[in-house]
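Chemist: Before we start, here is the structure in question, set down as structure tokens.
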Amino acid sequence: RHGVPLSVTYENDFNYHDYALLHEIPRLLQQAFILSEDQRFYRHHGADWPGRLHAVVQNLRALRGVRGASTISEQVVRIIHPRPRTIWSRWLEGFEAAELERRFSKGAILEFYLNQVPYAARRRGVVQAARYYFDRDLDTLNTAEMLALAVMVRAPGRLDLYQGGGRVGKAVQQLAGRLAAAGLIGEADYQTVLRHEIELQKPAMPVQASHFVRYIYSREIPRQLLERGRLATTLDASLQGRVQSMLDGRLHDLRSRQVHNGAVLVVDHASGEVLAWVNGGGGGPERPGSQIDAVLAPRQPGSALKPFLYGQALEKGWSAATIIDDSPLAGQVGTGQHQFRNYSRQNYGPLRLRDCLGNSLNIPAVRTVHYLGYESFLQRLHQLGFTSLSGDAGFYGEGLALGNGEVTLFELVQAYATLARQGVYRPLQTLLGEGGIDPPRRVYGEEDASLIAHILSDPEARRLEFGSGNLLNFPVQTAVKTGTSTDYRDAWAVGFTQRYTVGIWMGNLDRQPMQGVTGSIGPALLLRSVFAELNRSGEGGPLYLSPRLAALAICQQSGELAHPGCPTMLEWFAPGRVPTKTCSLHGGNAAGQRTTGENRVNDGGKVRLEQPTPGLQLAMDPRIPDEMEAFPLQLPKDIAVSRAEWLVDGVVVGTTGNGMYRFLWSLVKGSHQAAARVWGKDGGEPRMTETVEFMVK
């Protein structure tokens with residue numbers, strides 16, 4: 001982003017990146033090259049014909065090629081116009097070298113040569129060679145290192161310090177003797193070259209961003225973004241390094257709890273630009289699985305998708321005060337039944353949507369996805385860029401609300417940036433200047449997105465499950481959400497401020513479980529540290545809250561307008577969703593008023609059995625007497641019930657009264673059909689549920 005190199009490719013015909021002007025190249029290095037390659041450089045006019053004749057005589061006497069006679073100017077011609085090595089090409093290079101010297105000065109030719117002469121590993125020029133072998137700039141090299149650069153160009157494949165420095169060392173000593181004889185170095189420098197071995201130092205990039213660079217290379221890069229071989233990215237190298245240190249430190253602290261991998265993605269959501277793309281260990285070989293890019297590895301997000309679920313529910317007419325029932329709930333899994341539970345294993349009964357999202361409760365989320373429909377929610381996730389969710393809605397079922405599908409950290413941060421951007425989706429950018437390639441589009445309404453952000457930044461909304469003084473209470477208003485997958489295999493923390501969105505994943509890339517590490521235990525502390533670093537400039541401000549939202553005093557229990565006897569709180573409502581009736585729980589006028597039951601989520605008028613589920617297979621327990629075994633037939637608690645008749649195989653097996661939603665049926669082996677006849681509180685004709693087939697073994 002600021003000119004710091006993240007990666008350099010040397011698959012180029014010329015050196016575009018590391019060019020030094022002639023006056024920036026040490027004088028001794030220039031003299032060493034001239035003495036080694038072309039000692040009559042300043043006296044000939046392109047081709048050294050006496051030198052070439054002398055080389056021919058020497059080669060004939062030795063019956064093999066022991067000496068070349070190409071001048072520096074001829075080598076420049078060869079660099080510009082590579083040709084097969086024939087007698088004719090050698091003579092042609094001589095004539096072209098004469099033309100070269102007629103058009104350019106000796107200084108210009110020498111400068112080009114020293115910047116383009118080839119070395120091993122496709123390095124070109126003395127600057128690249130100095131960094132490749134010694135990881136230093138030219139003006140810091142000692143005499144022996146400069147002479148090594150001069151002799152290795154004779155045969156880059158054979159004279160390579162990384163392939164064994166014996167041959168190079170001998171050639172360096174010989175060249176040092178010639179320089180001393182010519183008076184170009186003193187006796188002390190000559191003796192130093194003879195006594196000391198050349199030490200290698202492998203180069204390292206200023207910042208580790210190999211996974212980010214690999215992602216760049218995998219993309220279709222617009223040609224207009226390339227400028228003289230340089231590609232400007234959005235990554236902030238300084239921030240990348242600081243976040244890398246923070247992540248590695250946190251992973252070190254959690255190593256005893258079997259946490260070995262992690263990733264952090266930092267985005268400026270105002271521009272959509274990625275500022276940091278960090279993997280635990282920096283992609284080095286010392287950390288297991290670190291060659292896998294955890295930013296792009298699909299993992300189960302746990303509860304991290306719930307804000308998008310509730311944001312869609314707000315569009316359907318719900319509000320932050322809508323009451324959702326947090327009571328025990330079971331769902332079908334194949335031919336069996338799964339008992340949904342909150343993380344704490346507690347149920348809180350009727351709760352406002354704000355509390356359900358803030359406390360990340362599972363059962364209300366399942367009831368919400370039932371209301372929205374699996375297909376509808378999956379389509380919304382696709383609109384947010386979750387392309388990793390490639391299965392159909394039936395494949396995920398209600399588990400989609402709880403994170404049973406696999407998504408990437410990149411997709412998750414991109415989606416949270418949409419909420420931070422008041423509901424406008426924009427693909428994350430990794431190259432400067434690529435904006436506008438994929439135009440932004442609105443996914444959530446401004447009021448709904450800002451209301452979800454307000455809930456995620458509300459410490460009181462998460463008090464039931466997380467307590468009052470936890471790590472998620474940031475000094476600058478920050479919307480925060482954590483997630484934990486089954487068996488502690490993945491821990492997530494995602495958040496956004498007025499300007500930045502940050503996502504963190506921790507786990508093990510070999511999919512081994514961690515030891516009890518959740519999103520609020522593992523990544524949350526790191527998320528706090530990253531935002532502290534981002535807010536250091538003092539740019540932090542409050543999250544955007546739509547001016548179209550209206551604040552009203554409501555009853556904390558019923559979610560309706562507060563009566564003087566109600567426990568009250570301020571809640572925000574979008575236009576058209578403002579409650580108009582007063583709470584009847586605490587002394588309000590009940591006539592014509594909406595009851596809490598009517599403020600609950602309903603199923604659109606349909607009546608169904610919650611238990612048993614279609615195709616359920618039950619097994620009788622041999623340790624319990626048969627006459628004592630029973631199974632609860634159950635209706636959803638979000639409908640009004642004054643009376644219910646329970647039918648098994650077409651026969652009424654029991655009747656329950658007002659407000660009763662379940663009936664214990666004594667188990668009988670065999671295939672059965674269950675149904676219920678339900679009377680509402682308003683009287684009238686009863687409604688019949690669909691018949692559900694199940695089996696008892």
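All residue names refer to the structure tokens as shown: chains lettered A, B, ... in order, residues numbered from 1 in each chain, ligands numbered from 1 in order.
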If we count only C-alpha atoms, what is near segment 129-143 of chain A at a cut-off of 7 Å, once residues fewer than 5 positions away on the same chain are taken out, given as a ChimeraX atom specification?
Modeler: /A:25-26,119,123-124,200-203
Chemist: Once you have the residues from the selection above, write them out as a short mmCIF file (atom, residue, chain, number, x, y, z; two decimals), in the first residue's frame, restricted to C-alpha atoms.
Modeler:
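What landed in result37.cif:
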```
data_model
loop_
_atom_site.label_atom_id
_atom_site.label_comp_id
_atom_site.auth_asym_id
_atom_site.auth_seq_id
_atom_site.Cartn_x
_atom_site.Cartn_y
_atom_site.Cartn_z
CA ILE A 25 27.22 1.81 -7.20
CA PRO A 26 30.48 1.66 -5.17
CA TYR A 119 22.98 -14.19 -11.78
CA ARG A 123 18.36 -12.46 -10.31
CA ARG A 124 19.54 -9.60 -12.50
CA LEU A 200 25.72 -15.77 3.28
CA GLN A 201 22.49 -14.28 4.58
CA LYS A 202 19.24 -15.42 2.99
CA PRO A 203 16.89 -12.52 2.23
#
```
Chemist: Choose the residue, out of A:Ala120, A:Phe33, A:Leu428, A:Val193, that has the smallest atom-to-atom separation from Leu161 of chain A; count only C-alpha atoms.
Modeler: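 Going through A:Ala120, A:Phe33, A:Leu428, A:Val193 one by one, the smallest distance to Leu161 of chain A is for A:Ala120.
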Chemist: Could you check the closest approach to Gln339 of chain A for each of A:Thr430, A:Thr613, A:Ser485, A:Ser7 and tell me which residue wins, using only C-alpha atoms?
Modeler: A:Thr613
Chemist: At a cut-off of 6 Å, using only C-alpha atoms, what residues contact segment 560-568 of chain A? Leave out same-chain residues fewer than 3 positions from it and give the result as a PyMOL selection string.
Modeler: chain A and resi 553-556+582-583+586+588
Chemist: Can you write out as JSON lines which residues of segment 486-531 of chain A fall within 8 Å of segment 457-480 of chain A, alongside each residue's closest atom pair and its distance in Å to one decimal, counting only C-alpha atoms and ordering rows by chain and ascending residue number?
Modeler:
```
{"residue": "A:Ala493", "atom": "CA", "partner": "A:Val480", "partner_atom": "CA", "distance": 7.2}
{"residue": "A:Val494", "atom": "CA", "partner": "A:Val480", "partner_atom": "CA", "distance": 5.8}
{"residue": "A:Gly495", "atom": "CA", "partner": "A:Val480", "partner_atom": "CA", "distance": 4.2}
{"residue": "A:Phe496", "atom": "CA", "partner": "A:Ala479", "partner_atom": "CA", "distance": 5.4}
{"residue": "A:Thr497", "atom": "CA", "partner": "A:Thr478", "partner_atom": "CA", "distance": 4.8}
{"residue": "A:Gln498", "atom": "CA", "partner": "A:Thr478", "partner_atom": "CA", "distance": 7.8}
{"residue": "A:Ser520", "atom": "CA", "partner": "A:Leu471", "partner_atom": "CA", "distance": 7.5}
{"residue": "A:Ala524", "atom": "CA", "partner": "A:Leu471", "partner_atom": "CA", "distance": 6.6}
{"residue": "A:Leu525", "atom": "CA", "partner": "A:Leu471", "partner_atom": "CA", "distance": 6.5}
{"residue": "A:Arg528", "atom": "CA", "partner": "A:Phe474", "partner_atom": "CA", "distance": 7.0}
```
Chemist: Of the candidates A:Pro328, A:Gly503, A:Pro622, A:Pro427, which one gets nearest to Leu527 of chain A if we count only C-alpha atoms?
Modeler: A:Gly503
Chemist: Please return as a list in words: the residues of segment 619-664 of chain A that backbone DSSP assigns to strand (DSSP E or B).
Modeler: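 Of segment 619-664 of chain A, the ones in strand (DSSP E or B) are Ala630, Phe631, Pro632, Leu633, Gln634, Arg643, Ala644, Glu645, Trp646, Leu647, Val648, Val651, Val652, Val653, Gly654, Thr655, Thr656, Arg662, Phe663 and Leu664 of chain A.
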Chemist: Based on the backbone DSSP call, show me all residues of segment 223-282 of chain A assigned helix (DSSP H, G or I), as a ChimeraX atom specification.
Modeler: /A:223-225,237-253,255-257,280-282
